[in-house]
Structures are given as structure tokens and as C-alpha cells.
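**Student:** Next up is a structure, given as C-alpha cells.
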Amino acid sequence: MNYFAIGFVAVVGVVGLGVDYQQQSVHAGLGLGQMSAADYVGTFEARFLGAKADARAAERERARKTAWREGGIQYLPEAPEGWTRRKYSESSNAAIMYNDTAFFEDLARDGTAKSMAEGLQSKDAMTKARKMDAHSYVYEHGDEVVFVSIDARNKPDTKSLHGIIGSTMQVGGSFKGTTGMQGYDVIGGVGFVELEANKRKMSAAQKKSSKHGFRRAHFRRLVGTVGFGQEVGVTVHANASSKTTNEILAAIDWDGLNNMLSTPMALVGNDVTMPEGTDVEALAEEQTALRAKYATLRARVAEFRLRNLDAAAFMFSTLAPGKTDISGGKVPDLSNLIDAAFRKEMRNLMAGKPSDHDFERIVSMIEVRPKSERTQNKGEMSEELKRELSGVSEAQTPSAPMADPALPRSEQAEAASTGGGVMAAIGSFFGGMAPTAAPAPQKAAVVVRSGNGKAGFGAAVGKCASNGVGKLCTVRD
């Protein structure tokens with residue numbers, strides 16, 4: 001038995017324990033020897049439980065990222081009793097799609113295209129239909145059809161130019177091609193609104209029948225969203241009654257969709273129900289309006305960063321997209337603050353609490369004060385600077401300021417009455433730079449004398465007199 005080795009390990013263990021004891025004492029704000037043995041043992045339990053919590057959090061994040069990559073289609077329900085479920089591309093979607101879209105999809109299925117143009121469009125329509133299979137299902141029961149699609153969207157990068165442009169373009173993107181909406185219902189804590197049909201995609205008969213009031217195609221188009229920034233959008237085309245449509249929507253795994261987000265939303269899940277008597281249509285509209293309001297705020301912040309870009313940082317951001325803040329660090333990233341404010345406002349809305357006005361506070365950080373609220377101190381130009389810019393010496397100070405010929409007469413009169421002001425001085429400065437007629441030089445008297453005087457200014461040489469660089473000669477005596 002190697003007693004030396006055993007002793008060495010014991011000494012190392014004691015020394016290591018002593019170092020750890022000292023570190024925990026410092027962490028607790030105690031001097032060496034002040035922490036009791038029981039308190040020291042307690043730190044092991046706290047650290048052990050903390051490590052377990054960190055491990056669980058890391059495991060949850062790995063699972064979340066896996067779910068995000070697989071997409072939200074995994075949380076769509078199986079077909080309810082009496083219903084069937086299929087992929088979007090497997091059959092005709094005329095019941096829940098616009099006329100032209102369904103037409104070209106059906107051409108691709110039965111191969112009845114009569115021209116090259118029809119063949120190309122039908123091929124493109126089927127390519128899009130197969131892509132739809134990755135995140136959509138169609139539920140059918142008799143003549144009732146409900147299409148549900150899940151779209152997972154990453155949070156835009158608010159530092160790079162590409163992300164800023166994306167942020168500004170996303171405003172109202174969910175409602176592109178529509179002219180209105182109305183509240184539908186709140187399911188799983190998620191507000192759904194019905195979007196008005198795109199008039200360009202409606203048949204002539206539909207346009208005529210929808211001349212007054214809300215324009216609806218032959219199906220209902222609903223949208224709902226979970227999250228903000230990083231979000232999961234749910235699109236529904238329902239050619240079915242509200243009752244059967246809601247049965248399918250209620251069967252969605254809302255907890256699973258919510259947990260796809262890095263920060264899940266409060267009051268979203270399958271157990272979330274609204275109190276009796278809640279106006280769910282109005283609440284759905286308010287949710288959508290709040291989301292649009294904060295999306296607009298995100299776009300305004302992006303534009304603010306764009307106005308304050310740093311040239312060098314902008315160049316690096318262009319060369320390496322997403323790696324460099326285009327403002328060069330001058331403008332703080334407010335995206336996390338906007339996300340947190342939206343979540344708090346949404347929670348207040350769902351709970352019936354008043355707004356905390358975080359939106360207004362964030363706007364005040366980036367908004368330029370309106371002209372009506374700014375101080376009107378325009379400043380005055382010193383008399384010395386006025387004379388310098390106008391090219392007048394101190395001994396030749398004009399009694400009245402020179403009018404700017406570029407200004408209207410009314411403004412010239414105002415400038416003269418107020419002593420010129422900044423704009424008048426700048427106008428005279430730039431006016432002085434314009435080419436003007438040179439003043440005529442003063443003429444010296446030409447003296448003609450006989451004799452051989454010395455040539456010079458005003459002196460005669462023979463019958464010619466020199467005047468500076470010129471010479472004047474008499475023709476006769």
C-alpha cells in the first residue's frame with residue numbers, strides 16, 4: 001500500500017477544500033473563519049441545485065432549437081372524429097384557395113394545360129404547393145374544409161442594414177393585399193382576426209356581391225400570431241362554420257407552439273380561456289392593433305439607426321452582413337426593450353389592466369422635438385462678422401444692410417427692418433462670390449508739356465504723355 005500517495009491525495013483534498021471555503025466566504029462577504037460549517041455545507045446544496053437548474057435550462061434550450069428547426073407543423077392536431085387530414089398538394093384546394101391559384105394547381109394535377117404559358121404557371125403552382133406541405137395541413141369533413149399553416153419567423157437583426165430594411169418592410173406585411181380586418185375570436189390566448197379578401201383575386205361575381213360591407217372570398221381568411229420579433233404565425237383558410245373551425249383551432253398544441261420561442265408569451269396555452277362575457281372579437285382586434293403599433297415602433301427605431309449610421313461601420317456591415325452595428329455603437333439597440341414592453345402591454349391587455357405607456361417612453365428616446373416646442377433662439381450675427389462677410393471696411397459701415405437680390409421683395413423689406421439676420425448675411429456672402437462688374441478706375445488727369453521730362457504717371461515725353469501703362473499722344477500742336 002502506497003501510504004505516501006494516500007497522504008498526498010488527502011493533503012490535496014484538504015487544501016482544495018480550504019480554497020473553496022475561502023472563496024465561498026468571500027462570496028458571502030465574510031472573513032476567513034467566520035462562515036460556520038453548516039453554512040458552508042449549505043453552499044454545496046445551493047450550488048448543486050443551481051447546477052441542476054442550469055442543466056435543465058440547457059436541455060430545454062436544445063429541445064427548443066430542435067423544435068424550431070422542425071417547424072410548427074408538429075403541433076397541428078390529428079383529424080377530429082369524422083374528419084380527414086391531408087397534405088396541401090395531395091388534392092384540389094379550390095374550396096379554400098383563390099380561383100386562379102386553385103386553377104393552376106389543378107392543371108398541374110390533371111395535366112390539361114393547353115399552352116406553354118399555362119404549363120409554366122401550373123408547374124410553378126405545384127412547386128409552391130409542395131413547399132406548403134412542410135408547414136400546412138388541410139382538414140376536410142363533407143363540404144367543410146379548413147386549411148391551417150404555421151410559419152415560424154426569426155427575430156430581425158436590428159443592427160445590420162439588411163435587418164433594418166427588413167424591419168421597416170415587415171410593418172403590415174401580414175396584411176399585404178388587404179384593405180381591412182375584423183375581430184374573429186381568441187383561442188388559446190391568441191387573438192384571431194379575419195382579413196378582408198384581396199379584391200384582385202376575387203371573381204367578378206364575388207366582387208359584385210361584396211360591393212357593400214366586408215369583402216369575403218368563398219372562404220374565411222384568419223390570422224393569429226404568438227410572440228413578437230421571434231414569432232409563430234398561424235394562417236387559416238376556413239370554408240366551414242365558425243363552430244367546426246374553432247374545434248380544429250382549439251385542438252392545436254398552443255403550449256408547444258409557445259415553447260418554440262426563446263421567451264414564451266404569458267397567457268398563451270391550451271389552458272388559457274377568456275372569462276364569461278368577454279368581447280373576444282374586440283379583444284382580438286386590440287391584440288392585432290397592439291402588435292401593429294409595436295411593429296411600427298420597431299421600424300421607427302430602425303430608421304433612427306439608419307439616420308445615425310457610421311460610415312466605417314456601415315462599410316463593414318455591408319461587407320459582413322449581421323456582424324457590425326451600422327451606427328458604430330452610437331445608438332443603443334432598443335429591440336430587447338421593445339420586446340419586453342410589448343409583452344407587458346399584451347399581458348395588461350389580456351388582464352384588463354391599463355397601459356403602462358412604455359410605448360410613449362421609447363418613442364421619446366428617438367423622437368425629435370416638434371418645431372412648435374423648440375426654443376426660438378435663432379441667435380444674432382455680430383456687426384463685425386456682418387461687415388467682414390459683406391466686404392465693407394469699418395470706415396465704410398453701411399447705414400442699412402444690403403438686400404439680398406435672391407429674396408422676394410417682402411422678405412428683403414423684412415431683412416432690412418430687422419438688421420439683416422443670419423439668412424441675409426449668408427445671402428450677401430454668397431452674393432459676394434458671384435461675378436459682378438468691376439468698378440471703373442478713377443481717371444488721372446493727363447498733362448501734356450513740351451520738353452523732355454522724365455517719363456512717368458502724368459509726365460510728358462515729347463508729344464505723348466504716359467498714364468500708368470497707357471500712353472496718350474497729341475495728333476497736332
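Going through the C-alpha cells in order, the chains are called A, B, and so on, while each chain numbers its residues from 1 and the ligands are numbered from 1 in the order shown.
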Can you pull out every residue within 9 Å of Leu290 in chain A, counting only C-alpha atoms, but drop anything in the same chain fewer than 4 positions away, and send it as a list in words?
**Tutor:**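 Skipping anything fewer than 4 positions along the chain leaves Glu285, Glu286, Tyr294, Ala295, Phe342, Glu345 and Met346 of chain A.
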**Student:** How would you write, as a ChimeraX atom specification, the set of residues in range 23-136 of chain A that DSSP gives as helix (DSSP H, G or I)?
**Tutor:** /A:23-27,37-70,72-75,88-90,99-110,116-132
**Student:** When you draw a straight line from CA of Leu261 in chain A to CA of Trp68 in chain A, how long is it in Å?
**Tutor:** 7.9 Å
**Student:** Need to verify the contact set: Met265 in chain A, 12 Å, only C-alpha atoms, exclusion of same-chain residues closer than 4 positions in sequence. Can you return it as a VMD selection string?
**Tutor:** chain A and resid 188 to 190 225 to 232 254 to 261 269 272 339 to 340 342 to 347 350
**Student:** Kindly assemble as a tab-separated table a list of the range 66-113 of chain A residues that lie within 7 Å of range 134-139 of chain A, each paired with its nearest atom pair and their distance in Å to one decimal, using only C-alpha atoms, sorted first by chain and then by ascending residue number.
**Tutor:**
residue	atom	partner	partner_atom	distance
A:Gly71	CA	A:His135	CA	6.9
A:Gly72	CA	A:His135	CA	6.7
A:Ile73	CA	A:His135	CA	4.9
A:Ala79	CA	A:Tyr139	CA	6.6
A:Trp83	CA	A:Tyr139	CA	6.5
A:Thr84	CA	A:Tyr139	CA	5.7
A:Arg85	CA	A:Tyr139	CA	4.6
A:Arg86	CA	A:Val138	CA	5.4
A:Lys87	CA	A:Tyr137	CA	5.2
A:Tyr88	CA	A:Tyr137	CA	5.9
**Student:** Residues of the last selection are to be written out with N, CA, C and O atoms, as a tab-separated table (two decimals), in the first residue's frame.
**Tutor:**
chain	number	residue	atom	x	y	z
A	71	GLY	N	-40.16	22.91	-37.13
A	71	GLY	CA	-41.30	23.71	-37.54
A	71	GLY	C	-42.55	23.41	-36.73
A	71	GLY	O	-42.65	22.39	-36.03
A	72	GLY	N	-43.53	24.31	-36.86
A	72	GLY	CA	-44.73	24.21	-36.04
A	72	GLY	C	-45.74	23.20	-36.52
A	72	GLY	O	-46.74	22.95	-35.82
A	73	ILE	N	-45.51	22.57	-37.68
A	73	ILE	CA	-46.49	21.62	-38.19
A	73	ILE	C	-46.67	20.44	-37.23
A	73	ILE	O	-47.74	19.83	-37.18
A	79	ALA	N	-56.72	14.61	-37.29
A	79	ALA	CA	-58.07	14.91	-37.76
A	79	ALA	C	-59.08	14.58	-36.66
A	79	ALA	O	-59.02	13.49	-36.07
A	83	TRP	N	-63.47	13.63	-39.46
A	83	TRP	CA	-62.71	14.46	-40.38
A	83	TRP	C	-61.55	13.66	-40.98
A	83	TRP	O	-61.15	12.61	-40.45
A	84	THR	N	-61.00	14.14	-42.07
A	84	THR	CA	-59.76	13.60	-42.63
A	84	THR	C	-58.73	14.71	-42.70
A	84	THR	O	-59.09	15.90	-42.77
A	85	ARG	N	-57.46	14.32	-42.67
A	85	ARG	CA	-56.37	15.31	-42.76
A	85	ARG	C	-55.45	14.90	-43.89
A	85	ARG	O	-55.09	13.72	-44.02
A	86	ARG	N	-55.07	15.84	-44.73
A	86	ARG	CA	-54.18	15.56	-45.86
A	86	ARG	C	-53.17	16.69	-46.03
A	86	ARG	O	-53.31	17.77	-45.45
A	87	LYS	N	-52.15	16.43	-46.87
A	87	LYS	CA	-51.20	17.46	-47.23
A	87	LYS	C	-51.82	18.39	-48.27
A	87	LYS	O	-52.72	17.99	-49.02
A	88	TYR	N	-51.33	19.58	-48.32
A	88	TYR	CA	-51.91	20.60	-49.19
A	88	TYR	C	-51.85	20.18	-50.66
A	88	TYR	O	-52.80	20.40	-51.42
**Student:** Just want the 8 Å neighbourhood of Leu222 in chain A, counted on only C-alpha atoms, with same-chain residues fewer than 6 positions away dropped. Output as a list in words.
**Tutor:** Tyr184, Phe192, Val193, Glu194, Leu195, Thr235, Val236, His237 and Ala238 of chain A
**Student:** Next, dump the selected residues to file, keeping only C-alpha atoms, as a PDB file, in the first residue's frame.
**Tutor:**
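That gives us selection23.pdb:
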ATOM      1  CA  TYR A 184     -62.888  36.807 -35.021  1.00  0.00           C
ATOM      2  CA  PHE A 192     -57.520  35.834 -34.494  1.00  0.00           C
ATOM      3  CA  VAL A 193     -58.749  38.459 -36.943  1.00  0.00           C
ATOM      4  CA  GLU A 194     -60.435  37.908 -40.271  1.00  0.00           C
ATOM      5  CA  LEU A 195     -58.772  39.651 -43.196  1.00  0.00           C
ATOM      6  CA  THR A 235     -52.872  31.319 -41.076  1.00  0.00           C
ATOM      7  CA  VAL A 236     -56.292  29.739 -41.579  1.00  0.00           C
ATOM      8  CA  HIS A 237     -58.471  29.451 -44.691  1.00  0.00           C
ATOM      9  CA  ALA A 238     -61.825  28.131 -43.483  1.00  0.00           C
TER      10      ALA A 238
END
**Student:** What is the CA of Val363 in chain A-CA of Lys293 in chain A distance in Å, reported with one decimal?
**Tutor:**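 Separation of CA of Val363 in chain A and CA of Lys293 in chain A: 11.5 Å.
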**Student:** As an exercise, work out the distance from CA of Phe48 in chain A to CA of Asp20 in chain A in Å and give it to one decimal place.
**Tutor:**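 That distance, rounded to one decimal, is 14.3 Å.
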**Student:** In terms of the shortest atom-to-atom distance over only C-alpha atoms, which of A:Ala108, A:Leu337, A:Ala63, A:Leu283 is closest to Gly352 in chain A?
**Tutor:**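 For Gly352 in chain A, the nearest of the given residues is A:Leu283.
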**Student:** Identify, on the basis of only C-alpha atoms, every residue whose closest approach to range 241-249 of chain A does not exceed 9 Å; exclude the query and any residue fewer than 6 positions from it along the same chain; express the result as a CSV table (one decimal) with N, CA and C atoms, in the first residue's frame.
**Tutor:**
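Output contents, as saved in result.csv:
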chain,number,residue,atom,x,y,z
A,76,LEU,N,-49.8,20.8,-35.0
A,76,LEU,CA,-51.1,20.7,-35.6
A,76,LEU,C,-51.8,19.4,-35.2
A,77,PRO,N,-53.1,19.5,-34.9
A,77,PRO,CA,-53.8,18.3,-34.4
A,77,PRO,C,-54.0,17.2,-35.5
A,79,ALA,N,-56.7,14.6,-37.3
A,79,ALA,CA,-58.1,14.9,-37.8
A,79,ALA,C,-59.1,14.6,-36.7
A,80,PRO,N,-60.0,15.5,-36.4
A,80,PRO,CA,-61.0,15.2,-35.4
A,80,PRO,C,-61.9,14.0,-35.9
A,139,TYR,N,-57.9,20.0,-43.5
A,139,TYR,CA,-58.8,19.2,-42.8
A,139,TYR,C,-60.2,19.2,-43.5
A,144,GLU,N,-67.2,20.8,-45.8
A,144,GLU,CA,-66.4,21.8,-45.0
A,144,GLU,C,-64.9,21.5,-45.1
A,145,VAL,N,-64.1,22.5,-45.3
A,145,VAL,CA,-62.7,22.4,-45.4
A,145,VAL,C,-62.0,23.5,-44.6
A,146,VAL,N,-61.0,23.1,-43.9
A,146,VAL,CA,-60.2,24.1,-43.1
A,146,VAL,C,-58.7,23.9,-43.3
A,148,VAL,N,-54.8,25.0,-42.4
A,148,VAL,CA,-54.1,25.6,-41.3
A,148,VAL,C,-52.6,25.6,-41.6
A,185,ASP,N,-62.0,35.8,-33.0
A,185,ASP,CA,-62.1,35.0,-31.7
A,185,ASP,C,-60.7,35.0,-31.1
A,187,ILE,N,-58.4,32.3,-29.1
A,187,ILE,CA,-58.3,30.8,-28.9
A,187,ILE,C,-56.9,30.5,-28.3
A,188,GLY,N,-56.8,29.9,-27.2
A,188,GLY,CA,-55.5,29.6,-26.5
A,188,GLY,C,-54.8,30.9,-26.1
**Student:** Nearest residue to Ser335 in chain A out of A:Leu297, A:Leu389, A:Leu306, A:Ala57, using only C-alpha atoms?
**Tutor:**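 Ranking A:Leu297, A:Leu389, A:Leu306, A:Ala57 by distance to Ser335 in chain A, first place goes to A:Leu297.
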**Student:** Find the spatial neighbours of Gly233 in chain A, counting only C-alpha atoms, within a cut-off of 8 Å - ignore same-chain residues fewer than 4 positions away - and output them as a list in words.
**Tutor:**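 Once the nearby chain positions are removed, what remains is Ile150, Asp151, Ala152, Arg153, Val223, Gly224, Thr225 and Val226 of chain A.
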